[in-house]
Amino acid sequence: MRDLPKDQLNPKIKNVWRINDAIWLTVAFLCLFIPFLIALIVESAPWIGITLAAIAALYVIGLIVWLVILPPIRFVRWRYELSEDYLDIARGIVWRKRFIIPFIRVQNTDTRQGPILRAFGLSSVTVSTAAGEHEIPGLETHVAEQLRDRAAELARIAQEDV
Amino acid sequence: MTEEQRSPESGMPPVPPSASGEQQPVQQASQQPAYGQYPNGAYPQQNPAEPMRHKVHHSYIWLGSLQVAGMLIVIAFFSVFSSVIGAIADGESIGRADAPVLLIVGIAVIVGLIVIVGLTALIQTLSYKHLYYELGPDEFNLYSGIFNKKRVHVPYQRIQSVNQKATLVQRLAGVCTVNIDTAGGSANKAITIPYLQNSEAERLRTELFARKQAILSGQAAQAAGRANVVQGQPGAVYPAGHPLAGNVLDMPAEILTDVRGVFGGAAVDTGRVSYEYGMSNKELVLTGLSNNTGFILIVLAALGSVAGLAEQILSTAIGRMLVDNGVNFVMQSFAGNTIWAITGVVVVVFLVVWVLSIIGTCISFGGFKARRRDSRIEVEHGLLQHQFHGVDIDRVQSVIIKQSFIRRLLGYCELSLGKIDAVTEGEEGQQKSLNPQGLVIHPFVKMNRVPEILAGLVPEFADVPTDSRPVAKVALRRAIIRRGILQGNGFWLAVVVVVGQLLANALLPSTEPDAASILFFVNTGAIVLYVLCALLLVLDIIGAVLWYRGSGFSYNRRFMQVSNGGFSRESVSFPRKKIQYGFLKTNPFQRNARVATINARTAAGVGGTTLRLIDVSEQDANTWLDWVKPGGSMVQ
């Protein structure tokens, strides 16, 4: 494969991913766990206990995979580079993707910041074209704003028409 | 909105519908001059700060009301009919004593209908008064709504295509519905202007395209002036010696077009035609024949009769073997005849449906014409329901040459143009089924005519690359595995059958005679299915080999082309500047085999289209990705 783009995300993004995934996993876990727990309290049967144990085990495995194993790999694989007139993104662990997005096709760019990202002082930049958008998650806020302004500036020379 | 209502121009009350209904069709609002005053068919020069208001045709009121009333009458008829039938079925007889009741009910129904129709007419009248459009200096505005005012802005440079549609009644009245497609993100919504006079629609179309062109070329200030220049050119001029293929349905379609309906108004010169073609009789009939729904029905019917035959043979053979009983045998043969009779009826029904669908397709493509007019491509078709599509050349995203299996056998193809489609409110599903991909510029054309048509219709696509880079060598092996096994119908069917057979054999005790006969059935059926699986597998593998041989991509300075082969073939050419972004995608197996999937994303369709070619060699893929980069086309 060719050289990867040189820039990496802010390392703090790993913790953002961890918190995000932990929230989703916990919500899904509770949705499954609580009904069976109620069933166990109302009428205790051995199979309900086994199901509860299985769900808990799955939850723990999920936590290990998404909180310990995946974030570093994802971080290493996520690269981007803002060149003179195009945006280069490489990402994906199993299915690796390499995007080239010319700025003259970019219609708008914006920065977004959710509560978790804000807590870490990060922002994400979204670059949209007429046929879909790309998000670069987790950049330090001032880097993100720089990137957005740069992309917007380059996009200004884009032809309006598609 | 309120500010506009106070403006002096619109201060006068609109002409009441009852009065305008008997007038000449051209008059819309009393303060507007008649169309005859502009010989070029152009809008008069106007102050850009105060755009003129244009109203739709007054048939909006009465045709719209008629439509609603018709629907209501049909509903009322059916409900009355069903209740009467229900009463008769309950054993009630209608006697003389019931007459007063019936009379009252009848009067009530009629009064109710009149009230509803009146209300509809009132609502239509009110909404007609508040429905108008303006051509502003750099955007098109559509105002509507009685209480909830709605104003839709369309910047001229956002316009993708302007389409016209008319039902038979609308055609007779000389009005049509205009749809303006825009590129507005993934949830594209089309703007619909209902009941516009034909001449008004033509003028609007010309004007919109002219203004868009002007703005794009940076002459926003002279938009109106330029429109005049465009329209000042002489009318239709055909290149000499150009063969204009026609068919039987062209004549009635032309008559309908020439008559222009009661309120159609004079034809508007919308620009110079440089190329035009229709469909020959043969092409029309072939289009009808290849109509897929009809074809699938026929195949189903054929399969049904084959299944019936198989069942008969099977049951008689087993009947002989299991119980060698004469009476039983006769019974089974008789049952077989019933099956034959039913199959026959089914086949006849399907044949009738098929023929009807052929005729339907032929009528919907009757009067098919595709032409190049200035910088626009226009396609119109439909004998009863007339459709007209107009798209500017720089809005064409791609040229698609599609060959289904049948077309490929005959050496024909379907030609279409990819464009950004918009979803019309309320008819999402319908629109998609009618227009699956882009704008069909010829549904059934011989392959050797394609270059000529493309050269005439879209000369901009002339230097499309022809040297095709094939997919990597290893792609053949990967394609056979992918199509034969991972996505293989035969393979997965075989898996299902094996599991089913094993389960049946394991669960049923073979000692009982009943179970033994069932098992016999199961095992015989499984063998038949295995043969079918083998057949499907062979077809899948042949498809994979054909895909490998027929697939490739190529690109030059301005264009790129992607071909995907197989039993059916699709080849898409698109300009480099219409590629929104490109990406490579690899899975671990592909990385191991040093190949990649190339993907070029364009904005065609609703929300974009990805053009994909699997298993291009890594080196080719990287070179291609460099080409996608801005300025990349210069490097090579």
# chains A, B, ... in the order shown; residues from 1 in each chain; ligands from 1
>>> interface_residues(of="chain A", to="chain B", cutoff="6 Å", atoms="only C-alpha atoms", output="number ranges by chain")
A: 94-101, 105, 130-131
>>> select_by_dssp(residues="stretch 55-180 of chain B", states="helix (DSSP H, G or I)", output="JSON, numbers by chain")
{"B": [59, 60, 61, 62, 63, 64, 65, 66, 67, 68, 69, 70, 71, 72, 73, 74, 75, 76, 77, 78, 79, 80, 81, 82, 83, 84, 85, 86, 87, 88, 89, 96, 97, 98, 99, 100, 101, 102, 103, 104, 105, 106, 107, 108, 109, 110, 111, 112, 113, 114, 115, 116, 117, 118, 119, 120, 121, 122, 123, 124, 125, 126, 127, 128, 129, 156, 157, 158, 168, 169, 170, 171, 172, 173]}
>>> atom_distance(atom1="atom CA of B:Ala534", atom2="atom CA of B:Ser568")
21.1 Å
>>> select_by_dssp(residues="stretch 106-135 of chain A", states="strand (DSSP E)", output="list of chain:residue names")
A:Val106, A:Gln107, A:Asn108, A:Thr109, A:Asp110, A:Thr111, A:Arg112, A:Leu122, A:Ser123, A:Ser124, A:Val125, A:Thr126, A:Val127, A:Ser128, A:Thr129, A:Gly132, A:Glu133, A:His134, A:Glu135
>>> residues_around(residues="A:Gln113", least_positions_apart="2", cutoff="10 Å", atoms="only C-alpha atoms", output="VMD selection string")
chain A and resid 111 115 to 119 121 to 125 137 to 138 141
